[in-house]
$ cat entry00.txt   # compact mmCIF, C-alpha atoms and all ligand atoms
# COMPACT_ATOMS: atom_id res chain seq x y z
CA MET A 1 0.79 -17.01 2.08
CA GLU A 2 2.18 -20.47 1.41
CA LEU A 3 2.04 -22.96 4.28
CA SER A 4 4.77 -25.51 4.98
CA LYS A 5 3.95 -29.21 5.11
CA ARG A 6 4.19 -29.16 8.89
CA GLN A 7 1.86 -26.17 9.15
CA GLU A 8 -0.68 -28.00 6.95
CA GLN A 9 -0.38 -31.00 9.31
CA ILE A 10 -0.97 -28.81 12.35
CA ILE A 11 -4.11 -27.34 10.78
CA GLU A 12 -5.41 -30.85 10.04
CA ILE A 13 -4.77 -31.96 13.64
CA VAL A 14 -6.48 -28.91 15.10
CA LYS A 15 -9.38 -29.24 12.64
CA SER A 16 -10.17 -32.76 13.82
CA ASN A 17 -9.17 -32.49 17.51
CA GLY A 18 -9.56 -28.85 18.49
CA PRO A 19 -9.60 -27.27 20.94
CA ILE A 20 -6.25 -28.89 21.56
CA THR A 21 -3.17 -27.75 23.51
CA GLY A 22 0.19 -27.10 21.89
CA GLU A 23 1.55 -29.96 23.97
CA HIS A 24 -0.92 -32.42 22.42
CA ILE A 25 -0.32 -31.20 18.88
CA ALA A 26 3.42 -31.66 19.45
CA SER A 27 3.03 -35.20 20.74
CA GLN A 28 0.90 -36.19 17.73
CA LEU A 29 3.72 -35.00 15.48
CA ASN A 30 6.46 -36.49 17.65
CA LEU A 31 7.99 -33.08 18.10
CA THR A 32 8.68 -30.90 21.09
CA ARG A 33 6.43 -27.99 22.01
CA ALA A 34 9.38 -25.63 21.48
CA THR A 35 9.94 -26.83 17.91
CA LEU A 36 6.31 -26.18 17.14
CA ARG A 37 6.11 -22.73 18.69
CA PRO A 38 7.08 -20.69 15.56
CA ASP A 39 4.58 -22.59 13.38
CA LEU A 40 1.78 -22.07 15.90
CA ALA A 41 2.64 -18.38 16.09
CA ILE A 42 2.51 -18.03 12.29
CA LEU A 43 -0.78 -19.91 11.98
CA THR A 44 -2.34 -17.85 14.74
CA MET A 45 -1.11 -14.54 13.34
CA ALA A 46 -2.29 -15.44 9.86
CA GLY A 47 -5.75 -16.22 11.27
CA PHE A 48 -5.97 -19.95 10.51
CA LEU A 49 -5.94 -20.85 14.21
CA ASP A 50 -7.10 -19.06 17.30
CA ALA A 51 -5.63 -19.64 20.74
CA ARG A 52 -7.67 -19.46 23.95
CA PRO A 53 -5.79 -19.39 27.24
CA ARG A 54 -6.19 -22.62 29.18
CA VAL A 55 -8.31 -24.13 26.39
CA GLY A 56 -5.93 -24.51 23.49
CA TYR A 57 -5.92 -24.00 19.76
CA TYR A 58 -8.97 -24.22 17.60
CA TYR A 59 -9.54 -23.90 13.88
CA THR A 60 -11.16 -20.63 12.79
CA GLY A 61 -12.68 -22.17 9.69
CA LYS A 62 -11.55 -19.26 7.54
CA THR A 63 -10.34 -20.09 4.05
CA GLY A 64 -7.09 -18.72 2.65
CA ASN A 65 -9.19 -16.40 0.47
CA GLU A 66 -11.16 -14.97 3.39
CA LEU A 67 -7.96 -14.39 5.32
CA LEU A 68 -6.33 -12.71 2.35
CA THR A 69 -9.31 -10.39 1.96
CA GLU A 70 -9.26 -9.58 5.68
CA ASN A 71 -5.54 -8.81 5.54
CA ILE A 72 -5.92 -6.55 2.49
CA ARG A 73 -8.72 -4.58 4.15
CA ARG A 74 -6.52 -3.90 7.17
CA LEU A 75 -3.67 -2.21 5.23
CA LYS A 76 -3.34 1.51 5.80
CA VAL A 77 -1.89 4.14 3.49
CA GLN A 78 0.54 5.36 6.19
CA ASP A 79 2.33 2.00 6.24
CA TYR A 80 2.92 1.94 2.49
CA GLN A 81 3.17 5.56 1.32
CA SER A 82 6.44 6.72 -0.21
CA VAL A 83 8.17 10.09 -0.29
CA PRO A 84 6.35 12.68 -2.44
CA ILE A 85 8.31 14.72 -4.96
CA VAL A 86 7.08 18.27 -4.84
CA ILE A 87 7.88 21.30 -7.05
CA LYS A 88 6.91 24.98 -6.91
CA GLU A 89 4.27 26.37 -9.26
CA HIS A 90 6.75 28.68 -11.03
CA THR A 91 9.14 25.84 -11.88
CA SER A 92 9.64 25.57 -15.66
CA VAL A 93 8.37 22.57 -17.60
CA TYR A 94 11.99 21.86 -18.52
CA ASP A 95 13.03 21.66 -14.86
CA ALA A 96 9.99 19.53 -14.05
CA ILE A 97 11.05 17.03 -16.71
CA SER A 98 14.58 16.98 -15.25
CA THR A 99 13.16 16.43 -11.75
CA MET A 100 11.03 13.55 -12.97
CA PHE A 101 14.12 11.82 -14.37
CA LEU A 102 16.37 12.61 -11.42
CA GLU A 103 13.84 11.49 -8.83
CA ASP A 104 12.69 8.55 -10.94
CA VAL A 105 8.96 9.15 -10.43
CA GLY A 106 6.00 9.37 -12.78
CA THR A 107 4.00 12.01 -10.95
CA LEU A 108 5.05 15.36 -9.47
CA PHE A 109 3.00 17.41 -7.05
CA VAL A 110 2.91 21.18 -7.42
CA VAL A 111 2.70 23.47 -4.40
CA ASN A 112 2.31 27.22 -3.89
CA ASP A 113 4.56 29.45 -1.77
CA GLU A 114 2.71 28.32 1.36
CA ALA A 115 3.66 24.70 0.51
CA CYS A 116 -0.01 23.81 -0.14
CA LEU A 117 -1.00 21.43 -2.92
CA ILE A 118 -2.29 23.20 -6.04
CA GLY A 119 -1.53 20.79 -8.89
CA VAL A 120 -0.40 17.43 -10.26
CA LEU A 121 1.87 16.75 -13.21
CA SER A 122 2.04 13.40 -14.95
CA ARG A 123 4.35 12.12 -17.67
CA LYS A 124 1.72 12.75 -20.33
CA ASP A 125 1.17 16.33 -19.17
CA LEU A 126 4.86 16.98 -19.74
CA LEU A 127 4.93 15.13 -23.07
CA ARG A 128 1.94 17.13 -24.28
CA ALA A 129 3.64 20.41 -23.35
CA SER A 130 6.78 19.28 -25.17
CA MET A 131 4.96 18.79 -28.47
CA GLY A 132 4.37 22.51 -29.07
CA GLN A 133 6.85 25.13 -30.16
CA GLN A 134 7.12 26.80 -26.73
CA ASP A 135 10.42 27.30 -24.98
CA LEU A 136 10.10 24.78 -22.13
CA THR A 137 12.58 26.69 -20.00
CA VAL A 138 10.16 29.61 -19.68
CA VAL A 139 6.74 27.90 -19.49
CA PRO A 140 5.82 27.45 -15.80
CA VAL A 141 4.22 24.17 -14.73
CA HIS A 142 1.11 25.85 -13.34
CA ILE A 143 0.01 26.50 -16.95
CA ILE A 144 -0.13 22.80 -17.83
CA MET A 145 -0.82 20.97 -14.54
CA THR A 146 -4.10 19.42 -13.43
CA ARG A 147 -5.23 21.80 -10.73
CA MET A 148 -7.24 21.95 -7.56
CA PRO A 149 -10.10 21.27 -6.92
CA ASN A 150 -9.81 18.46 -9.47
CA ILE A 151 -7.09 16.57 -7.63
CA THR A 152 -7.89 13.21 -6.12
CA VAL A 153 -6.18 12.81 -2.77
CA CYS A 154 -5.99 10.37 0.13
CA ARG A 155 -5.04 10.59 3.81
CA ARG A 156 -2.60 8.70 5.99
CA ASP A 157 -5.26 6.75 7.81
CA ASP A 158 -7.20 5.79 4.67
CA MET A 159 -7.15 2.14 3.66
CA VAL A 160 -4.83 1.11 0.81
CA ILE A 161 -7.74 -0.66 -0.89
CA ASP A 162 -9.71 2.62 -1.03
CA ALA A 163 -6.70 4.45 -2.48
CA ALA A 164 -6.35 1.71 -5.11
CA ARG A 165 -10.03 2.01 -5.99
CA LYS A 166 -9.69 5.79 -6.46
CA MET A 167 -6.78 5.28 -8.87
CA ILE A 168 -8.84 2.84 -10.91
CA ASP A 169 -12.00 5.01 -10.91
CA LYS A 170 -10.11 8.16 -11.94
CA GLN A 171 -7.67 6.33 -14.25
CA ILE A 172 -4.60 7.89 -12.65
CA ASP A 173 -1.23 6.46 -11.63
CA GLY A 174 -0.87 8.04 -8.21
CA LEU A 175 -2.42 9.97 -5.35
CA PRO A 176 -0.90 12.55 -3.04
CA VAL A 177 -1.25 11.68 0.64
CA VAL A 178 -2.34 14.95 2.23
CA LYS A 179 -2.82 16.54 5.61
CA ALA A 180 -5.07 19.55 6.24
CA VAL A 181 -3.11 22.64 7.28
CA GLU A 182 -3.98 26.32 7.51
CA GLY A 183 -4.52 27.52 3.97
CA GLY A 184 -4.96 24.15 2.30
CA LEU A 185 -3.46 20.67 2.04
CA GLU A 186 0.14 19.72 2.74
CA VAL A 187 1.56 16.80 0.73
CA VAL A 188 3.01 14.26 3.16
CA GLY A 189 3.36 11.21 0.93
CA ARG A 190 2.32 9.46 -2.25
CA ILE A 191 0.62 6.22 -3.19
CA THR A 192 1.14 4.90 -6.71
CA LYS A 193 0.39 1.84 -8.78
CA THR A 194 3.89 0.65 -7.85
CA THR A 195 2.84 0.78 -4.19
CA ILE A 196 -0.07 -1.51 -4.99
CA THR A 197 2.21 -3.90 -6.90
CA ASN A 198 4.50 -4.08 -3.84
CA VAL A 199 1.53 -4.77 -1.56
CA PHE A 200 0.42 -7.55 -3.89
CA VAL A 201 3.85 -9.23 -3.77
CA GLU A 202 4.12 -8.76 0.00
CA LEU A 203 0.79 -10.44 0.62
CA VAL A 204 1.99 -13.52 -1.20
CA THR A 205 5.60 -13.67 0.00
CA GLY A 206 5.31 -11.99 3.41
CA ASP A 207 8.27 -9.68 2.64
CA HIS A 208 7.70 -5.97 3.18
CA VAL A 209 9.24 -4.47 -0.01
P1 LIG B 301 0.10 9.48 -17.34
O1 LIG B 301 -0.21 10.84 -17.87
O2 LIG B 301 1.58 9.21 -17.26
O3 LIG B 301 -0.69 8.40 -17.97
P2 LIG B 301 -1.77 9.58 -15.10
O4 LIG B 301 -2.69 8.54 -15.69
O5 LIG B 301 -1.53 9.56 -13.64
O6 LIG B 301 -0.34 9.51 -15.76
O7 LIG B 301 -2.32 11.03 -15.46
C1 LIG B 301 -3.39 11.25 -16.35
C2 LIG B 301 -3.93 12.68 -16.12
O8 LIG B 301 -4.50 12.73 -14.80
C3 LIG B 301 -2.87 13.76 -16.16
O9 LIG B 301 -3.39 14.89 -16.85
C4 LIG B 301 -2.58 14.11 -14.71
O10 LIG B 301 -2.28 15.48 -14.52
C5 LIG B 301 -3.88 13.77 -14.04
N1 LIG B 301 -3.68 13.26 -12.66
C6 LIG B 301 -2.69 12.47 -12.21
N2 LIG B 301 -2.81 12.21 -10.88
C7 LIG B 301 -3.93 12.87 -10.49
C8 LIG B 301 -4.62 13.02 -9.23
N3 LIG B 301 -4.19 12.43 -8.12
N4 LIG B 301 -5.75 13.78 -9.22
C9 LIG B 301 -6.21 14.36 -10.36
N5 LIG B 301 -5.61 14.27 -11.55
C10 LIG B 301 -4.48 13.54 -11.64

$ encode --input "entry00.txt" --output "C-alpha cells"
Amino acid sequence: MELSKRQEQIIEIVKSNGPITGEHIASQLNLTRATLRPDLAILTMAGFLDARPRVGYYYTGKTGNELLTENIRRLKVQDYQSVPIVIKEHTSVYDAISTMFLEDVGTLFVVNDEACLIGVLSRKDLLRASMGQQDLTVVPVHIIMTRMPNITVCRRDDMVIDAARKMIDKQIDGLPVVKAVEGGLEVVGRITKTTITNVFVELVTGDHV
C-alpha cells in the first residue's frame, strides 16, 4: 500500500506526539478534522495507527512489511475463490478440450453421477492424450485424469497462503475448493495461480480484482 504525502506526515506527527487526538493532528497540519478523517481511517485500517477512545491516536510501530504479512495471513479462500468448471467422468477427451477453451480455464474437475469429485484434468493431461492415435471423441476423461485419492484440495475457510503453498509443494496450477457431502466431496470453487496473482496486485493497489 502506497501512502500519500499527507498520510506520511500524519504518521510522523503521531510517532513523535502520540497519543494525540485527531483535533491536534489537524491543527498541526492547518487542516480541519473533517478533512483528515479519511486519512485517519485508512491509516487505522491499514494498521499503522491505532485509535483509543478518549485517548487518541498512537503509532503501532509496525513496519509496512509486518503489516503486509499480517494482511496476507488474514486472507481466506472463500473471498477469492472463483467458479469451478466441472465435467462428468464419461465426458470424452474431445469435449473436455472444447470445454477448456470455451470456459477459458486451465484445469477441469471431474465428478461422478453423485456430483462428487473423482478427478482433475490439466492442459498437459489433455495434450498427452492427444498425442496418441486414439479417437478423442470416444476416450472418456476418467481414463486419463489424475484421480482420487491423489487430488490436493482446499476448503472455503482455509487461508489463501496455505492454498498457495500447496500449489507450490505439489507443482500444480490449481486446487478445487471442496465441501464434504454424503458420499464424498462437492466442488464449490477453485483457487488457481491466477487467483494468487490477483491477490498480489490487490495487496499493492488496494483494488479487489
Ligand atoms: P499443466 O499440466 O497444465 O502444467 P498442472 O501443473 O496443474 O497443469 O498439472 C500437472 C499434473 O498435476 C496433471 O497431471 C494434473 O492432472 C495434476 N493436477 C492438477 N491439479 C491437481 C490437484 N489439485 N491435485 C492433484 N493433481 C493435480

$ closest_atom_pairs --input "entry00.txt" --of "chain A" --to "ligand LIG 301 (chain B)" --cutoff "6 Å" --atoms "all atoms listed in the file" --output "Markdown table"
| residue | atom | partner | partner_atom | distance |
| --- | --- | --- | --- | --- |
| A:Val120 | CA | B:LIG301 | O10 | 5.0 |
| A:Leu121 | CA | B:LIG301 | O10 | 4.5 |
| A:Ser122 | CA | B:LIG301 | O1 | 4.5 |
| A:Arg123 | CA | B:LIG301 | O2 | 4.0 |
| A:Lys124 | CA | B:LIG301 | O1 | 3.7 |
| A:Asp125 | CA | B:LIG301 | O9 | 5.3 |
| A:Met145 | CA | B:LIG301 | O10 | 5.7 |
| A:Thr146 | CA | B:LIG301 | O10 | 4.5 |
| A:Asn150 | CA | B:LIG301 | C9 | 5.5 |
| A:Ile151 | CA | B:LIG301 | N4 | 3.5 |
| A:Thr152 | CA | B:LIG301 | N4 | 3.8 |
| A:Val153 | CA | B:LIG301 | N3 | 5.7 |
| A:Gln171 | CA | B:LIG301 | O4 | 5.6 |
| A:Ile172 | CA | B:LIG301 | O5 | 3.6 |
| A:Asp173 | CA | B:LIG301 | O5 | 3.7 |
| A:Gly174 | CA | B:LIG301 | N2 | 5.3 |
| A:Leu175 | CA | B:LIG301 | N3 | 4.1 |

$ residues_around --input "entry00.txt" --residues "range 34-40 of chain A" --least-positions-apart "2" --cutoff "12 Å" --atoms "only C-alpha atoms" --output "MDAnalysis selection string"
chainID A and resid 3:11 14 20:32 42:51 56:59

$ residues_around --input "entry00.txt" --residues "range 158-166 of chain A" --least-positions-apart "5" --cutoff "10 Å" --atoms "only C-alpha atoms" --output "MDAnalysis selection string"
chainID A and resid 72:81 152:153 171:177 191:193 195:196 199

$ atom_distance --input "entry00.txt" --atom1 "CA of Glu12 in chain A" --atom2 "CA of Ala41 in chain A"
16.0 Å

$ atom_distance --input "entry00.txt" --atom1 "CA of Leu203 in chain A" --atom2 "CA of Asp169 in chain A"
23.1 Å

$ residues_around --input "entry00.txt" --residues "Val111 in chain A" --least-positions-apart "5" --cutoff "9 Å" --atoms "all atoms listed in the file" --output "mmCIF file with C-alpha atoms, in the frame of the given file"
data_model
loop_
_atom_site.group_PDB
_atom_site.id
_atom_site.type_symbol
_atom_site.label_atom_id
_atom_site.label_comp_id
_atom_site.auth_asym_id
_atom_site.auth_seq_id
_atom_site.Cartn_x
_atom_site.Cartn_y
_atom_site.Cartn_z
ATOM 1 C CA VAL A 86 7.080 18.270 -4.840
ATOM 2 C CA ILE A 87 7.880 21.300 -7.050
ATOM 3 C CA LYS A 88 6.910 24.980 -6.910
ATOM 4 C CA GLU A 89 4.270 26.370 -9.260
ATOM 5 C CA CYS A 116 -0.010 23.810 -0.140
ATOM 6 C CA LEU A 117 -1.000 21.430 -2.920
ATOM 7 C CA ILE A 118 -2.290 23.200 -6.040
ATOM 8 C CA GLY A 119 -1.530 20.790 -8.890
ATOM 9 C CA VAL A 120 -0.400 17.430 -10.260
ATOM 10 C CA GLU A 186 0.140 19.720 2.740
ATOM 11 C CA VAL A 187 1.560 16.800 0.730
#

$ closest_residue --input "entry00.txt" --among "A:Gly18, A:Gly183, A:Tyr94, A:Asn198" --to "Thr60 in chain A" --atoms "only C-alpha atoms"
A:Gly18

$ atom_distance --input "entry00.txt" --atom1 "CA of Glu103 in chain A" --atom2 "CA of Gly189 in chain A"
14.3 Å

$ closest_residue --input "entry00.txt" --among "A:Lys179, A:Met167, A:Glu202, A:Arg156" --to "Ser82 in chain A" --atoms "only C-alpha atoms"
A:Arg156

$ closest_residue --input "entry00.txt" --among "A:Val178, A:Lys15, A:Ser98, A:Phe200" --to "Asp157 in chain A" --atoms "only C-alpha atoms"
A:Val178

$ closest_residue --input "entry00.txt" --among "A:Leu108, A:Pro19, A:Leu68, A:Gly61" --to "Glu2 in chain A" --atoms "all atoms listed in the file"
A:Leu68
